[in-house]
Amino acid sequence: MGRPIELVLASGSPRRRELLSSLGWAFTVLVPSVDESLLPGESPGEAVKRLSREKAETVAKERPGRFVVAADTVVALGNRILGKPCSREEALEMLILLNGRTHSVFTGVTVSSPWGTQTAAERTDVVFRELPEDALRAYAESGEGDDKAGAYAIQGLGALLVDSIRGDYFNVVGLPLCRLSRMLESLGFSVADQWRKTQ
């Protein structure tokens, strides 16, 4: 590719910033203003793809010529989508619902670039261990899951909730890095250049 890649993260998520920073990439952050309401009958995979695309398109208009990365993550138990809890009690209700069961984490990723736009969804299945309600309440009261889909964070205290996963761990954190790398590569940003783009 002829000129340097200017990367913009269209997200206010500190987890996504940390994940991109862990790759050593230089990037700027621009948080889009997008209505994240779900549409009636929308599946989890469709929802996260649509929302990530809307976020990327919003930021791409303000930062033309850049590579814009946007993502949206939801937790789903069957077709029931769990967003961010509005209270600690709602967080506890979500944790009780997920307790001892397998749920899915969907992240939609969109990359908008001067050479085109790509959107994809990544799915990871997560198995929670079975815990007594007082343990789940203690986790909910820690506040860690207050701003997280499904009311937990796998990379923090919530690691103790998780028995196993099937799929991409980073997807559960909020940004499937391997999928993102493949999308960037298909838009002309090779893996070799991804490794060279360090701060």
# chains A, B, ... in the order shown; residues from 1 in each chain; ligands from 1
>>> residues_around(residues="Phe189 (chain A)", least_positions_apart="3", cutoff="12 Å", atoms="only C-alpha atoms", output="list of chain:residue names")
A:Met1, A:Gly2, A:Arg3, A:Pro4, A:Ile5, A:Glu6, A:Leu7, A:Arg66, A:Phe67, A:Val111, A:Ser113, A:Pro114, A:Trp115, A:Leu180, A:Ser181, A:Arg182, A:Met183, A:Leu184, A:Glu185, A:Ser186, A:Ala192, A:Asp193, A:Gln194, A:Trp195, A:Arg196, A:Lys197
>>> write_last_selection(atoms="N, CA and C atoms", output="PDB file, in the first residue's frame")
ATOM      1  N   MET A   1       0.846  -1.187   0.000  1.00  0.00           N
ATOM      2  CA  MET A   1       0.000   0.000   0.000  1.00  0.00           C
ATOM      3  C   MET A   1       0.883   1.239   0.000  1.00  0.00           C
ATOM      4  N   GLY A   2       0.511   2.202  -0.806  1.00  0.00           N
ATOM      5  CA  GLY A   2       1.374   3.337  -1.043  1.00  0.00           C
ATOM      6  C   GLY A   2       1.552   4.305   0.105  1.00  0.00           C
ATOM      7  N   ARG A   3       0.494   4.557   0.873  1.00  0.00           N
ATOM      8  CA  ARG A   3       0.636   5.582   1.893  1.00  0.00           C
ATOM      9  C   ARG A   3       0.329   5.009   3.272  1.00  0.00           C
ATOM     10  N   PRO A   4       0.768   5.688   4.328  1.00  0.00           N
ATOM     11  CA  PRO A   4       0.538   5.165   5.668  1.00  0.00           C
ATOM     12  C   PRO A   4      -0.957   5.046   5.987  1.00  0.00           C
ATOM     13  N   ILE A   5      -1.278   4.038   6.789  1.00  0.00           N
ATOM     14  CA  ILE A   5      -2.656   3.836   7.208  1.00  0.00           C
ATOM     15  C   ILE A   5      -2.960   4.733   8.401  1.00  0.00           C
ATOM     16  N   GLU A   6      -4.035   5.495   8.294  1.00  0.00           N
ATOM     17  CA  GLU A   6      -4.517   6.277   9.437  1.00  0.00           C
ATOM     18  C   GLU A   6      -5.754   5.579   9.974  1.00  0.00           C
ATOM     19  N   LEU A   7      -5.630   5.078  11.187  1.00  0.00           N
ATOM     20  CA  LEU A   7      -6.667   4.246  11.784  1.00  0.00           C
ATOM     21  C   LEU A   7      -7.491   5.052  12.785  1.00  0.00           C
ATOM     22  N   ARG A  66      -9.669   7.642   5.892  1.00  0.00           N
ATOM     23  CA  ARG A  66      -9.087   6.822   6.949  1.00  0.00           C
ATOM     24  C   ARG A  66      -9.659   5.411   6.941  1.00  0.00           C
ATOM     25  N   PHE A  67      -8.984   4.536   7.659  1.00  0.00           N
ATOM     26  CA  PHE A  67      -9.532   3.224   7.976  1.00  0.00           C
ATOM     27  C   PHE A  67     -10.302   3.382   9.287  1.00  0.00           C
ATOM     28  N   VAL A 111     -15.254  -2.363   8.964  1.00  0.00           N
ATOM     29  CA  VAL A 111     -14.078  -1.580   8.587  1.00  0.00           C
ATOM     30  C   VAL A 111     -14.444  -0.780   7.347  1.00  0.00           C
ATOM     31  N   SER A 113     -12.991   1.927   4.615  1.00  0.00           N
ATOM     32  CA  SER A 113     -11.698   2.395   4.114  1.00  0.00           C
ATOM     33  C   SER A 113     -11.876   3.065   2.764  1.00  0.00           C
ATOM     34  N   PRO A 114     -10.824   3.730   2.285  1.00  0.00           N
ATOM     35  CA  PRO A 114     -10.915   4.318   0.939  1.00  0.00           C
ATOM     36  C   PRO A 114     -11.099   3.265  -0.153  1.00  0.00           C
ATOM     37  N   TRP A 115     -10.825   1.999   0.170  1.00  0.00           N
ATOM     38  CA  TRP A 115     -10.916   0.920  -0.825  1.00  0.00           C
ATOM     39  C   TRP A 115     -12.141   0.051  -0.625  1.00  0.00           C
ATOM     40  N   LEU A 180     -10.789  -8.986  12.639  1.00  0.00           N
ATOM     41  CA  LEU A 180     -10.441  -7.624  12.228  1.00  0.00           C
ATOM     42  C   LEU A 180      -9.208  -7.625  11.335  1.00  0.00           C
ATOM     43  N   SER A 181      -8.201  -8.392  11.711  1.00  0.00           N
ATOM     44  CA  SER A 181      -6.976  -8.473  10.917  1.00  0.00           C
ATOM     45  C   SER A 181      -7.264  -8.969   9.501  1.00  0.00           C
ATOM     46  N   ARG A 182      -8.093  -9.986   9.383  1.00  0.00           N
ATOM     47  CA  ARG A 182      -8.442 -10.523   8.058  1.00  0.00           C
ATOM     48  C   ARG A 182      -9.179  -9.482   7.221  1.00  0.00           C
ATOM     49  N   MET A 183     -10.076  -8.732   7.863  1.00  0.00           N
ATOM     50  CA  MET A 183     -10.828  -7.706   7.140  1.00  0.00           C
ATOM     51  C   MET A 183      -9.898  -6.603   6.647  1.00  0.00           C
ATOM     52  N   LEU A 184      -8.984  -6.170   7.513  1.00  0.00           N
ATOM     53  CA  LEU A 184      -8.009  -5.153   7.107  1.00  0.00           C
ATOM     54  C   LEU A 184      -7.139  -5.655   5.956  1.00  0.00           C
ATOM     55  N   GLU A 185      -6.742  -6.927   6.049  1.00  0.00           N
ATOM     56  CA  GLU A 185      -5.904  -7.509   4.996  1.00  0.00           C
ATOM     57  C   GLU A 185      -6.632  -7.506   3.653  1.00  0.00           C
ATOM     58  N   SER A 186      -7.916  -7.863   3.669  1.00  0.00           N
ATOM     59  CA  SER A 186      -8.673  -7.920   2.415  1.00  0.00           C
ATOM     60  C   SER A 186      -8.892  -6.531   1.811  1.00  0.00           C
ATOM     61  N   ALA A 192       1.679  -8.346   7.337  1.00  0.00           N
ATOM     62  CA  ALA A 192       3.063  -7.870   7.557  1.00  0.00           C
ATOM     63  C   ALA A 192       3.061  -6.392   7.913  1.00  0.00           C
ATOM     64  N   ASP A 193       2.239  -5.604   7.199  1.00  0.00           N
ATOM     65  CA  ASP A 193       2.184  -4.169   7.501  1.00  0.00           C
ATOM     66  C   ASP A 193       1.479  -3.916   8.834  1.00  0.00           C
ATOM     67  N   GLN A 194       0.525  -4.794   9.184  1.00  0.00           N
ATOM     68  CA  GLN A 194      -0.119  -4.663  10.494  1.00  0.00           C
ATOM     69  C   GLN A 194       0.911  -4.824  11.617  1.00  0.00           C
ATOM     70  N   TRP A 195       1.859  -5.746  11.430  1.00  0.00           N
ATOM     71  CA  TRP A 195       2.908  -5.931  12.441  1.00  0.00           C
ATOM     72  C   TRP A 195       3.917  -4.790  12.410  1.00  0.00           C
ATOM     73  N   ARG A 196       4.092  -4.207  11.239  1.00  0.00           N
ATOM     74  CA  ARG A 196       5.053  -3.083  11.140  1.00  0.00           C
ATOM     75  C   ARG A 196       4.457  -1.794  11.689  1.00  0.00           C
ATOM     76  N   LYS A 197       3.125  -1.703  11.744  1.00  0.00           N
ATOM     77  CA  LYS A 197       2.481  -0.465  12.191  1.00  0.00           C
ATOM     78  C   LYS A 197       2.470  -0.414  13.728  1.00  0.00           C
TER      79      LYS A 197
END
>>> closest_atom_pairs(of="region 91-134 of chain A", to="region 47-55 of chain A", cutoff="10 Å", atoms="only C-alpha atoms", output="tab-separated table")
residue	atom	partner	partner_atom	distance
A:Phe106	CA	A:Val48	CA	7.0
A:Thr107	CA	A:Val48	CA	5.9
A:Gly108	CA	A:Val48	CA	4.4
A:Val109	CA	A:Ser52	CA	5.7
A:Thr110	CA	A:Arg53	CA	5.4
A:Val111	CA	A:Arg53	CA	8.1
A:Ser112	CA	A:Arg53	CA	8.5
A:Thr117	CA	A:Arg53	CA	8.8
A:Gln118	CA	A:Arg53	CA	8.5
A:Thr119	CA	A:Lys49	CA	6.3
A:Ala120	CA	A:Lys49	CA	6.2
A:Ala121	CA	A:Lys49	CA	6.0
A:Glu122	CA	A:Val48	CA	9.4
>>> write_last_selection(atoms="all heavy atoms", output="PDB file, in the first residue's frame")
ATOM      1  N   PHE A 106     -22.004 -12.071  20.488  1.00  0.00           N
ATOM      2  CA  PHE A 106     -21.891 -11.660  19.094  1.00  0.00           C
ATOM      3  C   PHE A 106     -21.253 -10.278  19.035  1.00  0.00           C
ATOM      4  O   PHE A 106     -21.703  -9.368  19.730  1.00  0.00           O
ATOM      5  CB  PHE A 106     -23.263 -11.583  18.424  1.00  0.00           C
ATOM      6  CG  PHE A 106     -23.956 -12.895  18.233  1.00  0.00           C
ATOM      7  CD1 PHE A 106     -24.707 -13.455  19.260  1.00  0.00           C
ATOM      8  CD2 PHE A 106     -23.869 -13.573  17.028  1.00  0.00           C
ATOM      9  CE1 PHE A 106     -25.366 -14.658  19.089  1.00  0.00           C
ATOM     10  CE2 PHE A 106     -24.515 -14.789  16.844  1.00  0.00           C
ATOM     11  CZ  PHE A 106     -25.270 -15.337  17.881  1.00  0.00           C
ATOM     12  N   THR A 107     -20.236 -10.131  18.217  1.00  0.00           N
ATOM     13  CA  THR A 107     -19.677  -8.811  17.945  1.00  0.00           C
ATOM     14  C   THR A 107     -19.722  -8.563  16.449  1.00  0.00           C
ATOM     15  O   THR A 107     -19.228  -9.371  15.662  1.00  0.00           O
ATOM     16  CB  THR A 107     -18.226  -8.684  18.445  1.00  0.00           C
ATOM     17  OG1 THR A 107     -18.192  -8.889  19.851  1.00  0.00           O
ATOM     18  CG2 THR A 107     -17.667  -7.295  18.141  1.00  0.00           C
ATOM     19  N   GLY A 108     -20.352  -7.459  16.086  1.00  0.00           N
ATOM     20  CA  GLY A 108     -20.317  -7.020  14.698  1.00  0.00           C
ATOM     21  C   GLY A 108     -19.141  -6.086  14.519  1.00  0.00           C
ATOM     22  O   GLY A 108     -18.873  -5.237  15.373  1.00  0.00           O
ATOM     23  N   VAL A 109     -18.404  -6.263  13.436  1.00  0.00           N
ATOM     24  CA  VAL A 109     -17.249  -5.420  13.138  1.00  0.00           C
ATOM     25  C   VAL A 109     -17.411  -4.866  11.732  1.00  0.00           C
ATOM     26  O   VAL A 109     -17.716  -5.604  10.795  1.00  0.00           O
ATOM     27  CB  VAL A 109     -15.923  -6.207  13.217  1.00  0.00           C
ATOM     28  CG1 VAL A 109     -14.737  -5.291  12.912  1.00  0.00           C
ATOM     29  CG2 VAL A 109     -15.756  -6.852  14.579  1.00  0.00           C
ATOM     30  N   THR A 110     -17.205  -3.560  11.595  1.00  0.00           N
ATOM     31  CA  THR A 110     -17.190  -2.927  10.274  1.00  0.00           C
ATOM     32  C   THR A 110     -15.886  -2.171  10.112  1.00  0.00           C
ATOM     33  O   THR A 110     -15.450  -1.469  11.024  1.00  0.00           O
ATOM     34  CB  THR A 110     -18.374  -1.964  10.081  1.00  0.00           C
ATOM     35  OG1 THR A 110     -19.596  -2.709  10.121  1.00  0.00           O
ATOM     36  CG2 THR A 110     -18.282  -1.240   8.741  1.00  0.00           C
ATOM     37  N   VAL A 111     -15.254  -2.363   8.964  1.00  0.00           N
ATOM     38  CA  VAL A 111     -14.078  -1.580   8.587  1.00  0.00           C
ATOM     39  C   VAL A 111     -14.444  -0.780   7.347  1.00  0.00           C
ATOM     40  O   VAL A 111     -14.799  -1.349   6.319  1.00  0.00           O
ATOM     41  CB  VAL A 111     -12.851  -2.464   8.298  1.00  0.00           C
ATOM     42  CG1 VAL A 111     -11.665  -1.588   7.889  1.00  0.00           C
ATOM     43  CG2 VAL A 111     -12.495  -3.319   9.506  1.00  0.00           C
ATOM     44  N   SER A 112     -14.386   0.531   7.481  1.00  0.00           N
ATOM     45  CA  SER A 112     -14.621   1.423   6.349  1.00  0.00           C
ATOM     46  C   SER A 112     -13.278   1.994   5.912  1.00  0.00           C
ATOM     47  O   SER A 112     -12.500   2.460   6.742  1.00  0.00           O
ATOM     48  CB  SER A 112     -15.571   2.554   6.757  1.00  0.00           C
ATOM     49  OG  SER A 112     -15.698   3.500   5.713  1.00  0.00           O
ATOM     50  N   THR A 117     -15.773  -1.047   2.079  1.00  0.00           N
ATOM     51  CA  THR A 117     -16.254  -1.292   3.437  1.00  0.00           C
ATOM     52  C   THR A 117     -16.615  -2.755   3.589  1.00  0.00           C
ATOM     53  O   THR A 117     -17.182  -3.365   2.686  1.00  0.00           O
ATOM     54  CB  THR A 117     -17.495  -0.422   3.731  1.00  0.00           C
ATOM     55  OG1 THR A 117     -17.131   0.961   3.628  1.00  0.00           O
ATOM     56  CG2 THR A 117     -18.046  -0.688   5.123  1.00  0.00           C
ATOM     57  N   GLN A 118     -16.271  -3.313   4.742  1.00  0.00           N
ATOM     58  CA  GLN A 118     -16.611  -4.702   5.045  1.00  0.00           C
ATOM     59  C   GLN A 118     -17.274  -4.777   6.409  1.00  0.00           C
ATOM     60  O   GLN A 118     -16.879  -4.058   7.335  1.00  0.00           O
ATOM     61  CB  GLN A 118     -15.376  -5.595   5.043  1.00  0.00           C
ATOM     62  CG  GLN A 118     -14.823  -5.880   3.669  1.00  0.00           C
ATOM     63  CD  GLN A 118     -13.897  -7.081   3.673  1.00  0.00           C
ATOM     64  OE1 GLN A 118     -13.738  -7.772   4.669  1.00  0.00           O
ATOM     65  NE2 GLN A 118     -13.281  -7.325   2.540  1.00  0.00           N
ATOM     66  N   THR A 119     -18.259  -5.656   6.520  1.00  0.00           N
ATOM     67  CA  THR A 119     -18.947  -5.890   7.789  1.00  0.00           C
ATOM     68  C   THR A 119     -19.053  -7.384   8.021  1.00  0.00           C
ATOM     69  O   THR A 119     -19.347  -8.149   7.095  1.00  0.00           O
ATOM     70  CB  THR A 119     -20.363  -5.277   7.770  1.00  0.00           C
ATOM     71  OG1 THR A 119     -20.268  -3.871   7.549  1.00  0.00           O
ATOM     72  CG2 THR A 119     -21.081  -5.520   9.101  1.00  0.00           C
ATOM     73  N   ALA A 120     -18.806  -7.807   9.253  1.00  0.00           N
ATOM     74  CA  ALA A 120     -18.898  -9.229   9.602  1.00  0.00           C
ATOM     75  C   ALA A 120     -19.340  -9.341  11.057  1.00  0.00           C
ATOM     76  O   ALA A 120     -19.285  -8.372  11.823  1.00  0.00           O
ATOM     77  CB  ALA A 120     -17.557  -9.925   9.398  1.00  0.00           C
ATOM     78  N   ALA A 121     -19.784 -10.536  11.422  1.00  0.00           N
ATOM     79  CA  ALA A 121     -20.138 -10.807  12.815  1.00  0.00           C
ATOM     80  C   ALA A 121     -19.374 -12.030  13.292  1.00  0.00           C
ATOM     81  O   ALA A 121     -19.226 -13.006  12.553  1.00  0.00           O
ATOM     82  CB  ALA A 121     -21.636 -11.029  12.960  1.00  0.00           C
ATOM     83  N   GLU A 122     -18.872 -11.957  14.496  1.00  0.00           N
ATOM     84  CA  GLU A 122     -18.157 -13.064  15.127  1.00  0.00           C
ATOM     85  C   GLU A 122     -19.001 -13.572  16.293  1.00  0.00           C
ATOM     86  O   GLU A 122     -19.590 -12.788  17.039  1.00  0.00           O
ATOM     87  CB  GLU A 122     -16.797 -12.586  15.642  1.00  0.00           C
ATOM     88  CG  GLU A 122     -15.889 -13.677  16.144  1.00  0.00           C
ATOM     89  CD  GLU A 122     -15.206 -14.464  15.028  1.00  0.00           C
ATOM     90  OE1 GLU A 122     -15.110 -13.942  13.895  1.00  0.00           O
ATOM     91  OE2 GLU A 122     -14.763 -15.595  15.302  1.00  0.00           O
TER      92      GLU A 122
END
>>> atom_distance(atom1="CA of Asp168 (chain A)", atom2="CA of Ala10 (chain A)")
21.2 Å
>>> atom_distance(atom1="CA of Val31 (chain A)", atom2="CA of Val69 (chain A)")
11.0 Å
>>> residues_around(residues="region 89-93 of chain A", least_positions_apart="3", cutoff="7 Å", atoms="only C-alpha atoms", output="count of residues only")
8
>>> closest_residue(among="A:Val29, A:Ala138, A:Val173, A:Val34", to="Arg15 (chain A)", atoms="only C-alpha atoms")
A:Val173
>>> residues_around(residues="Phe128 (chain A)", least_positions_apart="3", cutoff="8 Å", atoms="only C-alpha atoms", output="list of chain:residue names")
A:Leu98, A:Asn99, A:Gly100, A:Arg101, A:Thr102, A:Leu161, A:Val162, A:Asp163, A:Ser164
>>> write_last_selection(atoms="C-alpha atoms", output="PDB file, in the first residue's frame")
ATOM      1  CA  LEU A  98     -26.884 -17.083  32.534  1.00  0.00           C
ATOM      2  CA  ASN A  99     -25.865 -19.156  35.576  1.00  0.00           C
ATOM      3  CA  GLY A 100     -24.807 -22.696  34.654  1.00  0.00           C
ATOM      4  CA  ARG A 101     -25.851 -22.216  31.029  1.00  0.00           C
ATOM      5  CA  THR A 102     -24.282 -21.617  27.629  1.00  0.00           C
ATOM      6  CA  LEU A 161     -17.882 -17.030  36.181  1.00  0.00           C
ATOM      7  CA  VAL A 162     -16.635 -18.734  33.023  1.00  0.00           C
ATOM      8  CA  ASP A 163     -16.176 -22.492  32.807  1.00  0.00           C
ATOM      9  CA  SER A 164     -15.168 -22.571  29.131  1.00  0.00           C
TER      10      SER A 164
END
>>> closest_residue(among="A:Glu144, A:Leu160, A:Gly150, A:Glu36", to="Glu130 (chain A)", atoms="only C-alpha atoms")
A:Leu160
>>> closest_residue(among="A:Thr28, A:Thr124, A:Ser33, A:Ser22", to="Arg63 (chain A)", atoms="only C-alpha atoms")
A:Thr28
>>> select_by_dssp(residues="chain A", states="helix (DSSP H, G or I)", output="PyMOL selection string")
chain A and resi 14-22+44-62+88-98+133-142+149-151+157-161+169-173+177-186+191-196
>>> atom_distance(atom1="CA of Val68 (chain A)", atom2="CA of Gly145 (chain A)")
27.3 Å
>>> residues_around(residues="Ser13 (chain A)", least_positions_apart="2", cutoff="10 Å", atoms="only C-alpha atoms", output="list in words")
Leu9, Ala10, Ser11, Arg15, Arg16, Arg17, Glu18, Val29, Val31, Ala71, Asp72, Asp147, Lys148 and Gly174 of chain A
>>> closest_residue(among="A:Val8, A:Tyr169, A:Leu157, A:Leu77", to="Glu141 (chain A)", atoms="only C-alpha atoms")
A:Leu157
